[in-house]
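Chemist: target-v1.txt is reproduced below (compact mmCIF, C-alpha atoms).
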# COMPACT_ATOMS: atom_id res chain seq x y z
CA MET K 6 120.92 -61.52 -89.17
CA THR K 7 123.96 -63.22 -87.72
CA ASP K 8 126.45 -65.19 -89.73
CA SER K 9 125.21 -68.53 -88.34
CA ASP K 10 121.56 -67.58 -89.03
CA PHE K 11 122.50 -66.75 -92.58
CA ARG K 12 124.36 -70.01 -93.09
CA GLU K 13 121.47 -71.98 -91.67
CA ALA K 14 118.98 -70.17 -93.91
CA TYR K 15 121.17 -70.83 -96.91
CA ARG K 16 121.58 -74.51 -96.06
CA GLN K 17 117.83 -74.99 -95.60
CA HIS K 18 116.50 -73.11 -98.61
CA LYS K 19 119.18 -73.10 -101.30
CA ASP K 20 117.88 -76.20 -103.11
CA VAL K 21 114.25 -75.04 -103.19
CA LEU K 22 115.25 -71.62 -104.51
CA TYR K 23 117.67 -73.09 -107.03
CA ARG K 24 115.12 -75.50 -108.49
CA PHE K 25 112.41 -72.82 -108.54
CA ALA K 26 114.71 -70.41 -110.36
CA TRP K 27 115.82 -73.11 -112.80
CA ARG K 28 112.22 -74.07 -113.62
CA MET K 29 111.22 -70.43 -114.01
CA THR K 30 114.13 -69.39 -116.23
CA GLY K 31 114.97 -72.70 -117.89
CA SER K 32 118.67 -72.25 -117.15
CA ALA K 33 120.87 -73.74 -114.43
CA THR K 34 123.44 -70.97 -114.84
CA VAL K 35 120.87 -68.21 -114.48
CA ALA K 36 119.35 -70.05 -111.51
CA GLU K 37 122.73 -70.09 -109.77
CA ASP K 38 123.16 -66.37 -110.35
CA LEU K 39 119.67 -65.60 -109.08
CA VAL K 40 120.09 -67.67 -105.89
CA HIS K 41 123.38 -65.91 -105.29
CA ASP K 42 121.69 -62.52 -105.73
CA CYS K 43 118.81 -63.56 -103.49
CA PHE K 44 121.07 -64.48 -100.58
CA LEU K 45 123.25 -61.45 -101.18
CA MET K 46 120.15 -59.28 -100.77
CA LEU K 47 119.25 -61.12 -97.59
CA TRP K 48 122.76 -60.70 -96.18
CA ARG K 49 122.95 -57.02 -97.04
CA SER K 50 119.46 -56.53 -95.65
CA THR K 51 118.33 -55.08 -98.96
CA VAL K 52 115.18 -57.07 -98.27
CA ALA K 53 113.82 -57.34 -94.75
CA PHE K 54 112.28 -60.54 -93.48
CA ASP K 55 109.30 -60.13 -91.15
CA ARG K 56 108.39 -63.28 -89.24
CA ASP K 57 104.84 -62.06 -88.74
CA ARG K 58 104.19 -62.11 -92.47
CA GLY K 59 105.11 -65.75 -93.10
CA THR K 60 107.95 -68.24 -93.14
CA LEU K 61 111.45 -67.50 -94.32
CA ARG K 62 110.92 -70.02 -97.12
CA SER K 63 107.89 -68.12 -98.45
CA PHE K 64 109.75 -64.85 -98.10
CA LEU K 65 112.80 -66.09 -100.01
CA LEU K 66 110.61 -67.64 -102.70
CA GLY K 67 108.94 -64.23 -103.07
CA VAL K 68 112.32 -62.53 -103.50
CA MET K 69 113.39 -65.21 -105.97
CA ARG K 70 110.12 -64.84 -107.85
CA ASN K 71 110.76 -61.12 -108.32
CA LEU K 72 114.32 -61.74 -109.46
CA ALA K 73 113.18 -64.41 -111.92
CA LEU K 74 110.44 -62.19 -113.38
CA ARG K 75 112.91 -59.32 -113.69
CA HIS K 76 115.26 -61.63 -115.57
CA LEU K 77 112.44 -62.83 -117.86
CA ARG K 78 111.36 -59.25 -118.58
CA ALA K 79 114.93 -58.33 -119.48
CA SER K 80 115.55 -61.39 -121.65
CA HIS K 81 112.10 -61.47 -123.32
CA PRO K 82 110.90 -57.85 -123.23
CA ASN K 83 108.12 -58.46 -125.75
CA ASP K 84 106.58 -61.50 -124.09
CA PRO K 85 103.60 -60.80 -121.85
CA LEU K 86 103.83 -62.22 -118.35
CA GLU K 87 100.31 -63.49 -118.33
CA GLU K 88 96.72 -63.23 -119.14
CA GLU K 89 96.27 -62.47 -122.81
CA CYS K 90 97.96 -65.63 -123.98
CA SER K 91 96.35 -68.02 -121.56
CA ILE K 92 96.21 -70.65 -124.31
CA CYS K 93 99.67 -71.77 -125.32
CA ASP K 94 100.75 -72.56 -128.84
CA PRO K 95 101.13 -76.27 -129.57
CA LEU K 96 104.54 -77.85 -129.08
CA ASP K 97 106.38 -80.46 -131.04
CA LEU K 98 106.60 -83.28 -128.52
CA GLU K 99 107.29 -86.04 -130.99
CA THR K 100 110.84 -86.65 -129.90
CA GLY K 101 112.81 -86.57 -126.69
CA GLU K 102 112.51 -87.93 -123.19
CA ARG K 103 109.34 -87.50 -121.20
CA ALA K 104 111.05 -85.30 -118.59
CA ALA K 105 112.41 -83.04 -121.33
CA MET K 106 108.95 -82.79 -122.85
CA VAL K 107 107.48 -81.81 -119.48
CA ALA K 108 110.20 -79.18 -119.07
CA LYS K 109 109.43 -77.85 -122.53
CA ALA K 110 105.71 -77.66 -121.79
CA VAL K 111 106.21 -75.90 -118.44
CA ALA K 112 108.58 -73.44 -120.10
CA ALA K 113 105.89 -72.69 -122.68
CA LEU K 114 103.49 -71.42 -120.01
CA PRO K 115 103.22 -67.66 -119.44
CA PRO K 116 105.44 -66.75 -116.46
CA LEU K 117 102.64 -66.02 -113.98
CA GLN K 118 100.97 -69.34 -114.73
CA ARG K 119 104.34 -71.06 -114.61
CA GLU K 120 105.27 -69.73 -111.18
CA SER K 121 101.93 -70.76 -109.67
CA LEU K 122 102.21 -74.22 -111.16
CA ILE K 123 105.83 -74.73 -110.02
CA LEU K 124 105.05 -73.58 -106.50
CA ALA K 125 102.00 -75.83 -106.31
CA GLU K 126 103.23 -78.96 -108.05
CA TYR K 127 106.93 -79.03 -107.32
CA GLU K 128 107.31 -77.09 -104.08
CA GLU K 129 103.92 -78.19 -102.74
CA LEU K 130 102.90 -74.79 -101.42
CA SER K 131 99.28 -74.25 -100.46
CA LEU K 132 97.17 -71.75 -102.38
CA ASP K 133 97.48 -69.27 -99.49
CA GLU K 134 101.26 -69.58 -99.52
CA ILE K 135 101.39 -69.12 -103.29
CA ALA K 136 99.25 -66.01 -102.95
CA ARG K 137 101.65 -64.67 -100.30
CA VAL K 138 104.75 -65.47 -102.35
CA THR K 139 103.40 -63.97 -105.56
CA GLY K 140 101.60 -61.06 -103.92
CA ALA K 141 98.41 -61.99 -105.76
CA GLU K 142 94.84 -62.50 -104.68
CA LEU K 143 93.78 -66.03 -103.88
CA ALA K 144 91.27 -65.98 -106.74
CA ALA K 145 93.99 -64.94 -109.17
CA VAL K 146 96.21 -67.79 -108.00
CA LYS K 147 93.40 -70.29 -108.46
CA SER K 148 92.67 -68.93 -111.90
CA ARG K 149 96.33 -69.08 -112.96
CA LEU K 150 96.72 -72.61 -111.66
CA HIS K 151 93.59 -73.70 -113.46
CA ARG K 152 94.76 -72.21 -116.74
CA ALA K 153 98.26 -73.61 -116.28
CA ARG K 154 96.92 -77.12 -115.77
CA GLU K 155 94.55 -76.80 -118.71
CA ASN K 156 97.42 -75.68 -120.91
CA LEU K 157 99.62 -78.52 -119.73
CA ARG K 158 96.90 -81.11 -120.27
CA ARG K 159 96.59 -79.88 -123.83
CA LEU K 160 100.33 -79.61 -124.45
CA LEU K 161 101.12 -82.97 -122.89
CA LEU K 162 98.09 -84.82 -124.25
CA PRO K 163 100.21 -87.36 -126.18
CA LEU K 164 101.88 -88.36 -122.91
CA LEU K 165 98.75 -88.33 -120.77
CA GLU K 166 96.50 -90.43 -122.98
CA PRO K 167 97.13 -93.94 -124.24
CA LYS K 168 98.59 -93.63 -127.71
CA GLY K 169 95.70 -95.40 -129.48
CA LYS K 170 93.15 -93.17 -127.85
CA ALA K 171 95.04 -89.94 -128.43
CA TYR K 172 95.70 -90.57 -132.08
CA GLY K 173 92.43 -92.30 -132.92
CA THR K 174 93.98 -95.66 -133.69
CA GLN K 175 93.15 -98.83 -131.83
CA MET C 13 92.77 -82.02 -102.71
CA GLU C 14 91.99 -79.14 -105.03
CA PRO C 15 89.07 -79.35 -107.42
CA ASN C 16 91.41 -78.96 -110.37
CA ASP C 17 93.74 -81.67 -109.19
CA ASP C 18 94.68 -84.28 -111.76
CA PRO C 19 96.74 -87.25 -110.52
CA LYS C 20 97.81 -88.23 -114.04
CA LEU C 21 99.09 -84.77 -114.81
CA ARG C 22 100.76 -84.54 -111.41
CA GLU C 23 102.51 -87.86 -111.93
CA LEU C 24 103.73 -86.75 -115.34
CA LEU C 25 104.97 -83.42 -114.02
CA ARG C 26 106.95 -85.19 -111.30
CA GLU C 27 109.01 -86.91 -113.97
CA TRP C 28 110.85 -83.62 -114.42
CA GLN C 29 113.20 -83.64 -111.46
CA LEU C 30 116.14 -81.31 -110.97
CA PRO C 31 119.28 -81.61 -108.83
CA GLY C 32 119.97 -79.40 -105.84
CA ALA C 33 122.23 -76.38 -105.78
CA PRO C 34 125.79 -77.11 -107.00
CA PRO C 35 128.86 -76.81 -104.72
CA SER C 36 130.04 -73.83 -106.74
CA LEU C 37 127.06 -71.88 -105.37
CA ASP C 38 128.15 -72.68 -101.79
CA ARG C 39 131.52 -71.17 -102.53
CA ARG C 40 129.98 -68.07 -104.08
CA VAL C 41 127.46 -67.42 -101.32
CA LEU C 42 129.33 -68.57 -98.24
CA GLY C 43 132.71 -67.49 -99.49
CA GLU C 44 134.33 -70.82 -98.71
CA SER C 45 137.72 -70.58 -100.29
CA GLN C 46 139.66 -73.33 -101.97
CA PRO C 47 143.39 -73.74 -102.69
CA TRP C 48 144.60 -71.36 -105.37
CA TRP C 49 145.82 -74.17 -107.59
CA ARG C 50 142.36 -75.67 -107.62
CA ASN C 51 141.04 -72.51 -109.25
CA LEU C 52 143.36 -73.22 -112.15
CA ILE C 53 141.59 -76.53 -112.72
CA THR C 54 138.01 -75.81 -111.83
CA GLY C 55 137.81 -72.04 -112.16
CA SER C 56 135.88 -70.30 -114.86
CA ILE C 57 135.49 -66.73 -115.99
CA ARG C 58 132.78 -65.00 -117.91
CA VAL C 59 133.81 -63.06 -120.94
CA PRO C 60 131.41 -60.84 -122.89
CA VAL C 61 130.85 -62.01 -126.46
CA PRO C 62 132.08 -58.72 -128.03
CA ALA C 63 135.34 -59.09 -126.09
CA VAL C 64 135.76 -62.65 -127.38
CA ILE C 65 135.11 -61.52 -130.95
CA ALA C 66 137.55 -58.61 -130.60
CA ALA C 67 140.24 -60.90 -129.14
CA PHE C 68 139.68 -63.42 -131.92
CA LEU C 69 140.01 -60.72 -134.59
CA VAL C 70 143.21 -59.40 -133.00
CA MET C 71 144.70 -62.90 -132.88
CA LEU C 72 143.64 -63.52 -136.47
CA ALA C 73 145.26 -60.27 -137.60
CA LEU C 74 148.45 -61.16 -135.71
CA ALA C 75 148.55 -64.62 -137.24
CA VAL C 76 148.02 -63.25 -140.73
CA SER C 77 150.69 -60.61 -140.29
CA LEU C 78 153.20 -63.10 -138.85
CA THR C 79 152.68 -65.80 -141.47
CA GLY C 80 152.52 -63.39 -144.39
CA ARG C 81 155.68 -61.47 -143.49
CA HIS C 82 158.91 -62.47 -145.33
CA PRO C 83 162.26 -61.51 -143.84
CA ALA C 84 163.49 -58.34 -145.47
CA PRO C 85 166.87 -58.59 -147.14
CA VAL C 86 169.61 -57.29 -144.91
CA ALA C 87 170.93 -54.09 -146.40
CA THR C 88 174.72 -54.13 -146.31
CA THR C 89 176.83 -51.23 -147.36
CA VAL C 90 180.07 -51.90 -149.13
CA SER C 91 182.78 -49.47 -148.49
CA LEU C 92 185.63 -49.05 -150.91
CA LYS C 93 187.57 -47.00 -148.47
CA GLU C 94 190.32 -49.53 -147.84
CA PHE C 95 190.32 -50.93 -151.34
CA GLN C 96 193.74 -51.19 -152.85
CA PRO C 97 194.44 -52.31 -156.41
CA VAL C 98 196.66 -55.35 -156.88
CA GLU C 99 200.16 -54.34 -157.72
CA ASN C 100 201.54 -57.49 -159.35
CA LEU C 101 198.91 -59.08 -161.41
CA ASN C 102 200.01 -62.62 -162.33
CA VAL C 103 197.25 -64.32 -164.13
CA ARG C 104 197.38 -68.09 -164.47
CA ILE C 105 194.69 -69.81 -166.47
CA ILE C 106 193.84 -73.27 -165.39
CA ARG C 107 192.03 -75.39 -167.86
CA THR C 108 190.32 -78.64 -167.37
CA THR C 109 191.60 -81.67 -169.24
CA LEU C 110 188.59 -81.60 -171.59
CA GLU C 111 189.21 -78.01 -172.53
CA ALA C 112 192.90 -78.70 -173.06
CA ARG C 113 192.18 -81.52 -175.52
CA PRO C 114 192.44 -80.30 -179.19
Would you kindly transcribe this structure into structure tokens?
Modeler:
Amino acid sequence: MTDSDFREAYRQHKDVLYRFAWRMTGSATVAEDLVHDCFLMLWRSTVAFDRDRGTLRSFLLGVMRNLALRHLRASHPNDPLEEECSICDPLDLETGERAAMVAKAVAALPPLQRESLILAEYEELSLDEIARVTGAELAAVKSRLHRARENLRRLLLPLLEPKGKAYGTQ
Amino acid sequence: MEPNDDPKLRELLREWQLPGAPPSLDRRVLGESQPWWRNLITGSIRVPVPAVIAAFLVMLALAVSLTGRHPAPVATTVSLKEFQPVENLNVRIIRTTLEARP
């Protein structure tokens, strides 16, 4: 990879990777570090991009996904990444701005559900692309997305339903 | 549209928007340098928490030792080597006027 190729890749994909990392880890500082590491790996050819296996964007998101999961494993070693806790514990969403409540609810998802949801809803990747980025089967991606949305509907119910309906008052 | 798609949920999720990558990341990744004096204003360093605690304790100990320390009296030695007794002792007593009054 030449210097100009690298700069162009960075310019095109830095924002997507940064936002993905931020949403996955919940920290802007950690996101900055992870994007830095991601491009450092690309520059040093620690990871090799193969055009035949997808776009550079999908490839970099895959690298970022691995870095984010590694960070989450290190910072929360006892939290499972997925499946057993497919139903999230309820959150206190009584106070705060709506965006902050959404952030809180997304952060409450298990990491594998969270990554599928972020890639689908915020980065607008297709199911096939998500499967490629996460290295999962298409059926697994569908299942994770389904569970993630179910969890979010439950967690964000007070914001999704009219107040009278949600709380049983007219 | 996916079968599990929910426009209401999607609309709500979109309320959580984040900014793009900060300029500091450009400098880190692309190595774009800035004037040295600018680093003094905008630069930051990461210090491990144990190092901060250790530095704080050292400074606290220094402060305590500096504020609690009184200057030691200067030890002076008096030498009587060149002492010479007075040869003509002429004592004159001066009294105040009150003392002189009977």
Chemist: Looking at K:Met106, K:Pro116, K:Ser50, K:Ala141, which one is nearest to Leu160 (chain K), with distances taken over only C-alpha atoms?
Modeler: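 Using only C-alpha atoms, the shortest distance to Leu160 (chain K) belongs to K:Met106.
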Chemist: Skipping near chain neighbours, those fewer than 4 positions away, what residues fall within 12 Å of region 49-52 of chain C using all atoms listed in the file, listed as number ranges by chain?
Modeler: C: 36, 39, 45, 56-57
Chemist: Save the residues we just selected, C-alpha atoms, as a CSV table (one decimal), keeping the file's coordinate frame?
Modeler:
chain,number,residue,atom,x,y,z
C,36,SER,CA,130.0,-73.8,-106.7
C,39,ARG,CA,131.5,-71.2,-102.5
C,45,SER,CA,137.7,-70.6,-100.3
C,56,SER,CA,135.9,-70.3,-114.9
C,57,ILE,CA,135.5,-66.7,-116.0
Chemist: For Thr139 (chain K), find every residue with an atom within 12 Å (counting only C-alpha atoms), except residues of its own chain fewer than 6 positions away, and show them as a ChimeraX atom specification.
Modeler: /K:63-74,116-125,130,132-133,145-146,149
Chemist: For chain C, which residues have at least one atom within 7 Å of chain K, if we go by only C-alpha atoms? Write them as a list in words, please.
Modeler: Asn16, Lys20, Leu21, Arg22, Leu25, Glu27, Trp28, Leu30, Gly32, Ala33, Leu37 and Val41 of chain C
Chemist: Could you state the separation of CA of Leu47 (chain K) and CA of Arg62 (chain K) in Å, given to one decimal place?
Modeler: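 Separating CA of Leu47 (chain K) from CA of Arg62 (chain K) is a distance of 12.2 Å.
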Chemist: Can you work out the spacing between CA of Arg40 (chain C) and CA of Gly55 (chain C) in Å, to one decimal?
Modeler: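 CA of Arg40 (chain C) sits 11.9 Å away from CA of Gly55 (chain C).
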Chemist: Quick check, in Å to one decimal: how far apart do CA of Leu61 (chain K) and CA of Ala14 (chain K) lie?
Modeler: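 So the answer is 8.0 Å.
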Chemist: May I have the centre and edge lengths, in Å to one decimal, of an axis-aligned box around the listed atoms of region 31-48 of chain K with 4 Å added to every side, as JSON?
Modeler:
{"center_x": 119.2, "center_y": -66.5, "center_z": -107.0, "size_x": 16.5, "size_y": 22.5, "size_z": 29.7}
Chemist: Return region 57-91 of chain K, completed with N, CA and C atoms, as a PDB file, in the frame of the given file.
Modeler:
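The new file selection.pdb reads:
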ATOM      1  N   ASP K  57     106.295 -62.128 -88.880  1.00  0.00           N
ATOM      2  CA  ASP K  57     104.840 -62.060 -88.740  1.00  0.00           C
ATOM      3  C   ASP K  57     104.118 -62.245 -90.069  1.00  0.00           C
ATOM      4  N   ARG K  58     104.839 -62.060 -91.157  1.00  0.00           N
ATOM      5  CA  ARG K  58     104.190 -62.110 -92.470  1.00  0.00           C
ATOM      6  C   ARG K  58     104.394 -63.447 -93.183  1.00  0.00           C
ATOM      7  N   GLY K  59     104.950 -64.430 -92.490  1.00  0.00           N
ATOM      8  CA  GLY K  59     105.110 -65.750 -93.100  1.00  0.00           C
ATOM      9  C   GLY K  59     106.459 -66.356 -92.803  1.00  0.00           C
ATOM     10  N   THR K  60     106.689 -67.525 -93.391  1.00  0.00           N
ATOM     11  CA  THR K  60     107.950 -68.240 -93.140  1.00  0.00           C
ATOM     12  C   THR K  60     109.074 -67.648 -93.985  1.00  0.00           C
ATOM     13  N   LEU K  61     110.280 -67.966 -93.559  1.00  0.00           N
ATOM     14  CA  LEU K  61     111.450 -67.500 -94.320  1.00  0.00           C
ATOM     15  C   LEU K  61     111.440 -68.103 -95.725  1.00  0.00           C
ATOM     16  N   ARG K  62     110.972 -69.342 -95.819  1.00  0.00           N
ATOM     17  CA  ARG K  62     110.920 -70.020 -97.120  1.00  0.00           C
ATOM     18  C   ARG K  62     110.015 -69.243 -98.079  1.00  0.00           C
ATOM     19  N   SER K  63     108.814 -68.876 -97.598  1.00  0.00           N
ATOM     20  CA  SER K  63     107.890 -68.120 -98.450  1.00  0.00           C
ATOM     21  C   SER K  63     108.501 -66.768 -98.826  1.00  0.00           C
ATOM     22  N   PHE K  64     109.149 -66.156 -97.847  1.00  0.00           N
ATOM     23  CA  PHE K  64     109.750 -64.850 -98.100  1.00  0.00           C
ATOM     24  C   PHE K  64     110.829 -64.933 -99.178  1.00  0.00           C
ATOM     25  N   LEU K  65     111.710 -65.941 -99.031  1.00  0.00           N
ATOM     26  CA  LEU K  65     112.800 -66.090-100.010  1.00  0.00           C
ATOM     27  C   LEU K  65     112.253 -66.471-101.391  1.00  0.00           C
ATOM     28  N   LEU K  66     111.225 -67.299-101.408  1.00  0.00           N
ATOM     29  CA  LEU K  66     110.610 -67.640-102.700  1.00  0.00           C
ATOM     30  C   LEU K  66     110.022 -66.386-103.357  1.00  0.00           C
ATOM     31  N   GLY K  67     109.470 -65.495-102.534  1.00  0.00           N
ATOM     32  CA  GLY K  67     108.940 -64.230-103.070  1.00  0.00           C
ATOM     33  C   GLY K  67     110.044 -63.371-103.669  1.00  0.00           C
ATOM     34  N   VAL K  68     111.176 -63.304-102.967  1.00  0.00           N
ATOM     35  CA  VAL K  68     112.320 -62.530-103.500  1.00  0.00           C
ATOM     36  C   VAL K  68     112.801 -63.169-104.796  1.00  0.00           C
ATOM     37  N   MET K  69     112.911 -64.492-104.773  1.00  0.00           N
ATOM     38  CA  MET K  69     113.390 -65.210-105.970  1.00  0.00           C
ATOM     39  C   MET K  69     112.419 -65.030-107.134  1.00  0.00           C
ATOM     40  N   ARG K  70     111.156 -65.032-106.815  1.00  0.00           N
ATOM     41  CA  ARG K  70     110.120 -64.840-107.850  1.00  0.00           C
ATOM     42  C   ARG K  70     110.315 -63.480-108.529  1.00  0.00           C
ATOM     43  N   ASN K  71     110.555 -62.451-107.739  1.00  0.00           N
ATOM     44  CA  ASN K  71     110.760 -61.120-108.320  1.00  0.00           C
ATOM     45  C   ASN K  71     112.025 -61.066-109.172  1.00  0.00           C
ATOM     46  N   LEU K  72     113.073 -61.717-108.682  1.00  0.00           N
ATOM     47  CA  LEU K  72     114.320 -61.740-109.460  1.00  0.00           C
ATOM     48  C   LEU K  72     114.124 -62.492-110.775  1.00  0.00           C
ATOM     49  N   ALA K  73     113.397 -63.609-110.709  1.00  0.00           N
ATOM     50  CA  ALA K  73     113.180 -64.410-111.920  1.00  0.00           C
ATOM     51  C   ALA K  73     112.336 -63.636-112.934  1.00  0.00           C
ATOM     52  N   LEU K  74     111.292 -62.959-112.450  1.00  0.00           N
ATOM     53  CA  LEU K  74     110.440 -62.190-113.380  1.00  0.00           C
ATOM     54  C   LEU K  74     111.227 -61.026-113.986  1.00  0.00           C
ATOM     55  N   ARG K  75     112.089 -60.414-113.159  1.00  0.00           N
ATOM     56  CA  ARG K  75     112.910 -59.320-113.690  1.00  0.00           C
ATOM     57  C   ARG K  75     113.832 -59.845-114.793  1.00  0.00           C
ATOM     58  N   HIS K  76     114.397 -61.022-114.552  1.00  0.00           N
ATOM     59  CA  HIS K  76     115.260 -61.630-115.570  1.00  0.00           C
ATOM     60  C   HIS K  76     114.466 -61.924-116.847  1.00  0.00           C
ATOM     61  N   LEU K  77     113.253 -62.473-116.681  1.00  0.00           N
ATOM     62  CA  LEU K  77     112.440 -62.830-117.860  1.00  0.00           C
ATOM     63  C   LEU K  77     112.043 -61.571-118.636  1.00  0.00           C
ATOM     64  N   ARG K  78     111.722 -60.513-117.897  1.00  0.00           N
ATOM     65  CA  ARG K  78     111.360 -59.250-118.580  1.00  0.00           C
ATOM     66  C   ARG K  78     112.542 -58.724-119.377  1.00  0.00           C
ATOM     67  N   ALA K  79     113.737 -58.840-118.798  1.00  0.00           N
ATOM     68  CA  ALA K  79     114.930 -58.330-119.480  1.00  0.00           C
ATOM     69  C   ALA K  79     115.289 -59.189-120.694  1.00  0.00           C
ATOM     70  N   SER K  80     115.129 -60.506-120.553  1.00  0.00           N
ATOM     71  CA  SER K  80     115.550 -61.390-121.650  1.00  0.00           C
ATOM     72  C   SER K  80     114.472 -61.535-122.727  1.00  0.00           C
ATOM     73  N   HIS K  81     113.211 -61.382-122.346  1.00  0.00           N
ATOM     74  CA  HIS K  81     112.100 -61.470-123.320  1.00  0.00           C
ATOM     75  C   HIS K  81     111.193 -60.252-123.146  1.00  0.00           C
ATOM     76  N   PRO K  82     111.669 -59.077-123.517  1.00  0.00           N
ATOM     77  CA  PRO K  82     110.900 -57.850-123.230  1.00  0.00           C
ATOM     78  C   PRO K  82     109.540 -57.789-123.938  1.00  0.00           C
ATOM     79  N   ASN K  83     109.390 -58.544-125.019  1.00  0.00           N
ATOM     80  CA  ASN K  83     108.120 -58.460-125.750  1.00  0.00           C
ATOM     81  C   ASN K  83     107.101 -59.514-125.356  1.00  0.00           C
ATOM     82  N   ASP K  84     107.513 -60.445-124.508  1.00  0.00           N
ATOM     83  CA  ASP K  84     106.580 -61.500-124.090  1.00  0.00           C
ATOM     84  C   ASP K  84     105.748 -61.031-122.910  1.00  0.00           C
ATOM     85  N   PRO K  85     104.433 -61.173-123.004  1.00  0.00           N
ATOM     86  CA  PRO K  85     103.600 -60.800-121.850  1.00  0.00           C
ATOM     87  C   PRO K  85     103.782 -61.806-120.719  1.00  0.00           C
ATOM     88  N   LEU K  86     103.656 -61.323-119.487  1.00  0.00           N
ATOM     89  CA  LEU K  86     103.830 -62.220-118.350  1.00  0.00           C
ATOM     90  C   LEU K  86     102.637 -63.143-118.187  1.00  0.00           C
ATOM     91  N   GLU K  87     101.479 -62.694-118.647  1.00  0.00           N
ATOM     92  CA  GLU K  87     100.310 -63.490-118.330  1.00  0.00           C
ATOM     93  C   GLU K  87      99.184 -63.226-119.284  1.00  0.00           C
ATOM     94  N   GLU K  88      98.127 -63.100-118.858  1.00  0.00           N
ATOM     95  CA  GLU K  88      96.720 -63.230-119.140  1.00  0.00           C
ATOM     96  C   GLU K  88      96.352 -63.342-120.617  1.00  0.00           C
ATOM     97  N   GLU K  89      96.851 -62.445-121.460  1.00  0.00           N
ATOM     98  CA  GLU K  89      96.270 -62.470-122.810  1.00  0.00           C
ATOM     99  C   GLU K  89      96.519 -63.805-123.509  1.00  0.00           C
ATOM    100  N   CYS K  90      97.683 -64.380-123.275  1.00  0.00           N
ATOM    101  CA  CYS K  90      97.960 -65.630-123.980  1.00  0.00           C
ATOM    102  C   CYS K  90      97.774 -66.797-123.006  1.00  0.00           C
ATOM    103  N   SER K  91      96.578 -66.943-122.531  1.00  0.00           N
ATOM    104  CA  SER K  91      96.350 -68.020-121.560  1.00  0.00           C
ATOM    105  C   SER K  91      96.349 -69.379-122.255  1.00  0.00           C
TER     106      SER K  91
END
